[in-house]
Amino acid sequence: MNKELVVLKFGGTSVGTPARIVAVAERVKDHIERQGQQVIVVVSAMSGETDRLIDLAKKVGNSKTSHREYHQLLASGEQVSSALTALAIEAVGLKAKSLLAFQVGIQTRSTFGHNLIENVDTSKPRSLLEQGIIPVVAGFQGVDSYGDFTTLGRGGSDTTAVALAAAFSSCKCYIYTDVEGVYSAPPAVCKNAKKLERLTYEEMLELASSGAKVLQSRSVNLAYKHKVPLIVCSSFVEAEGTQIVEEYPGMENIIVSSISHRVDESKITIRDIPDVPGMAAKIFKTLSEANIVVDMIVQSEGQSGRAVISCTVPQEQGLTAADVLRELLVKEIKGSWIEVDNDVAKISVVGEGMRMHAGVAAQVFDILAREKINVQMISTSEIKISIIVKSEHAEHAVCVLHQHFLESA
Ligand code: ADP
Ligand code: ASP
Ligand code: MG
């Protein structure tokens, strides 16, 4: 009889100490011996290790994310944890072999930024599985056509795991982490947040891209595209996790399922722009040529034929964005000027039921007004409302919105 194949991904805290790695080995054994499954393991670096490596690069004075060496350095964290995990699995009596990105063939382009996986070669893990050996894959790493390491962006081991599950069809992917599942708000911020039984891929995608770092948003995108069943659960306690599914009965009745926040964006405002066609095109072409990822955009009419455009970008790209825009203004949009504000937070309210129910935005604004929290920018999708507020209000805003939408009967 063919055994079910599952991918098990363990995050940084789950492999954070030797004792935790031993617990991971026991968990792997449970999937194999008690649940009768075949497994591929994916691990993150031990918790804090990627931050430590970034800090070391800063200390030698060169932490440019476009630099090849930066990624050779960062990839080393997962080399350590994958080998340690393979050792621990062997110590509980199973066979295991750690594999780095080039040993599997997790191919990406050779841009040294946040890379996308282009191809996963399944032949090596498949042959190990056939020999009864558990492949323990280093997450977060890719390899380019020159054989150099690339990396997949912070939280990228989630994407490694989903890409492997997608490459082996009909394979479930368990994301083992330090919380029991996906919660109705960041559990560290809102003490009343509840673990959710299920979420749709689209809800999870909106949450992940709005700051709920429990899953990297690219991993959710990939899972959605390839219909990989995802289960987010704890490596610390035995508890039912959260399932990410395409749809579930009654989902349209759940108007708001979760609230998230992020404080790592900058707001850039360009004032006194001539209110004529082509200005927004120039501004956003300049940003895109500098590889700056723009999130929210708002344009409003200013006074006497001059407009105001605000947008948000990742804080780490804020200074570059301001530099390239200043250059553009000097050359082509004279009389305009720029403000950069890092003191902002984005709060997002997400729920499938918003497709069918009107009035959620009005409730959000009403609650924030009552708390005297000023809304600076707004954007919406079919199932999400995001707003920008001053960062000092972020946690309070999450809690009052949670109370209104998720704690009352
Ligand atoms: P790992 O190291 O396992 O990849 P992460 O730190 O990347 O774990 O993600 C798990 C963390 O995500 C949790 O500890 C939690 O603080 C945070 N988090 C933020 N929002 C949520 C949410 N809505 N549900 C669950 N966890 C969340
Ligand atoms: N180690 C990487 C990080 O800290 C990747 C991951 O944990 O998923 O971002
Ligand atoms: Mg993570």
# chains A, B, ... in the order shown; residues from 1 in each chain; ligands from 1
$ residues_near_ligand --ligand "ligand 1" --cutoff "10 Å" --atoms "only C-alpha atoms and all ligand atoms" --output "PyMOL selection string"
chain A and resi 9-16+43-48+154-158+175-190+193-196+204+207-208+210-216+232-235+242+257-262
$ residues_around --residues "Leu74 (chain A)" --least-positions-apart "6" --cutoff "8 Å" --atoms "only C-alpha atoms" --output "PyMOL selection string"
chain A and resi 50+53-54+151
$ residues_around --residues "region 298-312 of chain A" --least-positions-apart "4" --cutoff "9 Å" --atoms "only C-alpha atoms" --output "count of residues only"
20
$ select_by_dssp --residues "region 40-135 of chain A" --states "strand (DSSP E)" --output "mmCIF file with N, CA and C atoms, in the first residue's frame"
data_model
loop_
_atom_site.group_PDB
_atom_site.id
_atom_site.type_symbol
_atom_site.label_atom_id
_atom_site.label_comp_id
_atom_site.auth_asym_id
_atom_site.auth_seq_id
_atom_site.Cartn_x
_atom_site.Cartn_y
_atom_site.Cartn_z
ATOM 1 N N ILE A 40 8.756 14.465 4.325
ATOM 2 C CA ILE A 40 9.895 15.315 3.960
ATOM 3 C C ILE A 40 9.896 16.426 5.003
ATOM 4 N N VAL A 41 11.049 16.683 5.608
ATOM 5 C CA VAL A 41 11.133 17.718 6.640
ATOM 6 C C VAL A 41 11.785 18.959 6.035
ATOM 7 N N VAL A 42 11.273 20.134 6.410
ATOM 8 C CA VAL A 42 11.899 21.405 6.021
ATOM 9 C C VAL A 42 12.147 22.190 7.305
ATOM 10 N N VAL A 43 13.320 22.756 7.460
ATOM 11 C CA VAL A 43 13.579 23.527 8.685
ATOM 12 C C VAL A 43 14.048 24.949 8.381
ATOM 13 N N ALA A 96 18.006 9.585 8.078
ATOM 14 C CA ALA A 96 17.729 10.940 7.551
ATOM 15 C C ALA A 96 18.962 11.484 6.844
ATOM 16 N N LYS A 97 18.724 12.421 5.917
ATOM 17 C CA LYS A 97 19.848 13.059 5.227
ATOM 18 C C LYS A 97 19.486 14.527 4.994
ATOM 19 N N SER A 98 20.362 15.431 5.424
ATOM 20 C CA SER A 98 20.060 16.851 5.185
ATOM 21 C C SER A 98 20.432 17.217 3.754
ATOM 22 N N LEU A 99 19.636 18.135 3.182
ATOM 23 C CA LEU A 99 19.872 18.567 1.804
ATOM 24 C C LEU A 99 19.822 20.089 1.736
ATOM 25 N N ILE A 106 16.576 23.502 -5.783
ATOM 26 C CA ILE A 106 15.502 24.499 -5.602
ATOM 27 C C ILE A 106 15.965 25.749 -6.339
ATOM 28 N N GLN A 107 15.540 25.831 -7.587
ATOM 29 C CA GLN A 107 16.099 26.809 -8.516
ATOM 30 C C GLN A 107 15.393 28.171 -8.402
ATOM 31 N N THR A 108 16.183 29.245 -8.344
ATOM 32 C CA THR A 108 15.587 30.596 -8.404
ATOM 33 C C THR A 108 16.378 31.390 -9.455
ATOM 34 N N ILE A 117 10.813 30.946 -6.235
ATOM 35 C CA ILE A 117 11.269 29.626 -6.678
ATOM 36 C C ILE A 117 10.752 29.395 -8.096
ATOM 37 N N GLU A 118 11.662 28.998 -9.006
ATOM 38 C CA GLU A 118 11.227 28.747 -10.382
ATOM 39 C C GLU A 118 11.020 27.266 -10.657
ATOM 40 N N ASN A 119 11.787 26.433 -9.963
ATOM 41 C CA ASN A 119 11.647 25.002 -10.203
ATOM 42 C C ASN A 119 12.166 24.211 -8.994
ATOM 43 N N VAL A 120 11.497 23.091 -8.717
ATOM 44 C CA VAL A 120 11.979 22.188 -7.664
ATOM 45 C C VAL A 120 12.196 20.820 -8.301
ATOM 46 N N ILE A 134 14.778 9.869 5.347
ATOM 47 C CA ILE A 134 13.968 11.098 5.418
ATOM 48 C C ILE A 134 14.786 12.283 4.912
ATOM 49 N N PRO A 135 14.320 12.964 3.842
ATOM 50 C CA PRO A 135 15.034 14.154 3.403
ATOM 51 C C PRO A 135 14.753 15.311 4.375
#
$ select_by_dssp --residues "region 21-135 of chain A" --states "helix (DSSP H, G or I)" --output "ChimeraX atom specification"
/A:21-34,49-59,68-74,76-91,101-104,123-130
$ decode --residues "region 204-309 of chain A" --atoms "C-alpha atoms" --output "mmCIF file, in the first residue's frame"
data_model
loop_
_atom_site.group_PDB
_atom_site.id
_atom_site.type_symbol
_atom_site.label_atom_id
_atom_site.label_comp_id
_atom_site.auth_asym_id
_atom_site.auth_seq_id
_atom_site.Cartn_x
_atom_site.Cartn_y
_atom_site.Cartn_z
ATOM 1 C CA MET A 204 -4.864 33.793 4.764
ATOM 2 C CA LEU A 205 -3.242 35.561 1.839
ATOM 3 C CA GLU A 206 -4.711 38.904 2.878
ATOM 4 C CA LEU A 207 -3.638 38.317 6.487
ATOM 5 C CA ALA A 208 -0.125 37.169 5.612
ATOM 6 C CA SER A 209 0.435 40.160 3.348
ATOM 7 C CA SER A 210 -0.913 42.454 6.068
ATOM 8 C CA GLY A 211 1.543 41.476 8.769
ATOM 9 C CA ALA A 212 0.387 38.128 10.230
ATOM 10 C CA LYS A 213 3.856 36.639 9.954
ATOM 11 C CA VAL A 214 2.720 33.142 10.913
ATOM 12 C CA LEU A 215 2.956 32.340 7.172
ATOM 13 C CA GLN A 216 5.027 34.066 4.484
ATOM 14 C CA SER A 217 2.518 35.462 1.985
ATOM 15 C CA ARG A 218 4.309 33.872 -0.975
ATOM 16 C CA SER A 219 3.863 30.461 0.573
ATOM 17 C CA VAL A 220 0.110 31.026 0.776
ATOM 18 C CA ASN A 221 0.025 32.234 -2.822
ATOM 19 C CA LEU A 222 1.831 29.114 -3.955
ATOM 20 C CA ALA A 223 -0.398 26.840 -1.857
ATOM 21 C CA TYR A 224 -3.487 28.532 -3.306
ATOM 22 C CA LYS A 225 -2.216 28.180 -6.868
ATOM 23 C CA HIS A 226 -1.340 24.491 -6.506
ATOM 24 C CA LYS A 227 -4.180 23.640 -4.075
ATOM 25 C CA VAL A 228 -1.746 22.404 -1.412
ATOM 26 C CA PRO A 229 -3.657 21.684 1.835
ATOM 27 C CA LEU A 230 -1.969 23.703 4.613
ATOM 28 C CA ILE A 231 -2.209 22.992 8.334
ATOM 29 C CA VAL A 232 -0.701 25.485 10.784
ATOM 30 C CA CYS A 233 -0.067 23.893 14.187
ATOM 31 C CA SER A 234 2.135 23.899 17.262
ATOM 32 C CA SER A 235 5.345 21.918 17.680
ATOM 33 C CA PHE A 236 5.140 22.622 21.431
ATOM 34 C CA VAL A 237 1.723 21.228 22.396
ATOM 35 C CA GLU A 238 -0.686 18.626 21.057
ATOM 36 C CA ALA A 239 -3.609 20.595 19.645
ATOM 37 C CA GLU A 240 -5.690 20.737 16.514
ATOM 38 C CA GLY A 241 -4.198 23.377 14.222
ATOM 39 C CA THR A 242 -5.774 25.713 11.665
ATOM 40 C CA GLN A 243 -6.598 24.365 8.228
ATOM 41 C CA ILE A 244 -6.249 26.601 5.199
ATOM 42 C CA VAL A 245 -8.825 25.485 2.657
ATOM 43 C CA GLU A 246 -10.486 26.668 -0.538
ATOM 44 C CA GLU A 247 -13.903 27.062 1.033
ATOM 45 C CA TYR A 248 -15.959 25.846 3.956
ATOM 46 C CA PRO A 249 -19.676 25.776 4.739
ATOM 47 C CA GLY A 250 -21.051 29.055 6.060
ATOM 48 C CA MET A 251 -17.879 31.018 5.342
ATOM 49 C CA GLU A 252 -19.858 33.913 3.872
ATOM 50 C CA ASN A 253 -21.554 34.377 7.252
ATOM 51 C CA ILE A 254 -18.236 35.118 8.946
ATOM 52 C CA ILE A 255 -17.932 38.798 8.193
ATOM 53 C CA VAL A 256 -14.597 39.339 9.916
ATOM 54 C CA SER A 257 -12.368 36.370 10.655
ATOM 55 C CA SER A 258 -9.134 38.057 11.676
ATOM 56 C CA ILE A 259 -7.356 41.370 12.246
ATOM 57 C CA SER A 260 -3.687 42.014 11.563
ATOM 58 C CA HIS A 261 -1.244 44.872 11.762
ATOM 59 C CA ARG A 262 2.196 45.808 10.499
ATOM 60 C CA VAL A 263 4.538 48.573 11.513
ATOM 61 C CA ASP A 264 7.252 48.049 8.929
ATOM 62 C CA GLU A 265 6.006 50.380 6.202
ATOM 63 C CA SER A 266 6.825 54.013 5.441
ATOM 64 C CA LYS A 267 4.338 56.524 4.110
ATOM 65 C CA ILE A 268 5.661 58.761 1.342
ATOM 66 C CA THR A 269 3.682 61.871 0.451
ATOM 67 C CA ILE A 270 4.392 63.995 -2.611
ATOM 68 C CA ARG A 271 2.745 67.405 -2.482
ATOM 69 C CA ASP A 272 2.117 70.155 -5.024
ATOM 70 C CA ILE A 273 2.117 67.880 -8.063
ATOM 71 C CA PRO A 274 0.750 69.551 -11.245
ATOM 72 C CA ASP A 275 -2.748 68.060 -11.640
ATOM 73 C CA VAL A 276 -2.241 66.951 -15.270
ATOM 74 C CA PRO A 277 -2.197 63.486 -16.910
ATOM 75 C CA GLY A 278 1.039 61.472 -16.660
ATOM 76 C CA MET A 279 2.301 62.544 -13.225
ATOM 77 C CA ALA A 280 1.292 59.350 -11.373
ATOM 78 C CA ALA A 281 2.765 57.305 -14.242
ATOM 79 C CA LYS A 282 6.130 59.069 -13.845
ATOM 80 C CA ILE A 283 6.170 58.618 -10.083
ATOM 81 C CA PHE A 284 5.279 54.931 -10.022
ATOM 82 C CA LYS A 285 7.489 54.092 -13.023
ATOM 83 C CA THR A 286 10.409 55.611 -11.121
ATOM 84 C CA LEU A 287 9.602 53.510 -8.056
ATOM 85 C CA SER A 288 9.158 50.324 -10.054
ATOM 86 C CA GLU A 289 12.460 50.853 -11.892
ATOM 87 C CA ALA A 290 14.128 51.049 -8.484
ATOM 88 C CA ASN A 291 12.444 47.687 -7.577
ATOM 89 C CA ILE A 292 10.409 49.341 -4.840
ATOM 90 C CA VAL A 293 7.297 47.460 -3.837
ATOM 91 C CA VAL A 294 4.408 49.889 -3.440
ATOM 92 C CA ASP A 295 1.538 48.847 -1.222
ATOM 93 C CA MET A 296 -1.222 51.454 -0.714
ATOM 94 C CA ILE A 297 -1.743 54.480 -2.991
ATOM 95 C CA VAL A 298 -3.987 57.490 -2.453
ATOM 96 C CA GLN A 299 -4.295 60.546 -4.709
ATOM 97 C CA SER A 300 -6.245 63.597 -3.690
ATOM 98 C CA GLU A 301 -6.877 66.921 -5.294
ATOM 99 C CA GLY A 302 -4.912 69.674 -3.622
ATOM 100 C CA GLN A 303 -5.395 73.395 -4.149
ATOM 101 C CA SER A 304 -5.064 75.474 -7.332
ATOM 102 C CA GLY A 305 -4.508 72.641 -9.777
ATOM 103 C CA ARG A 306 -1.927 70.845 -7.650
ATOM 104 C CA ALA A 307 -2.464 67.255 -6.429
ATOM 105 C CA VAL A 308 -1.156 65.179 -3.519
ATOM 106 C CA ILE A 309 -0.119 61.514 -3.874
#
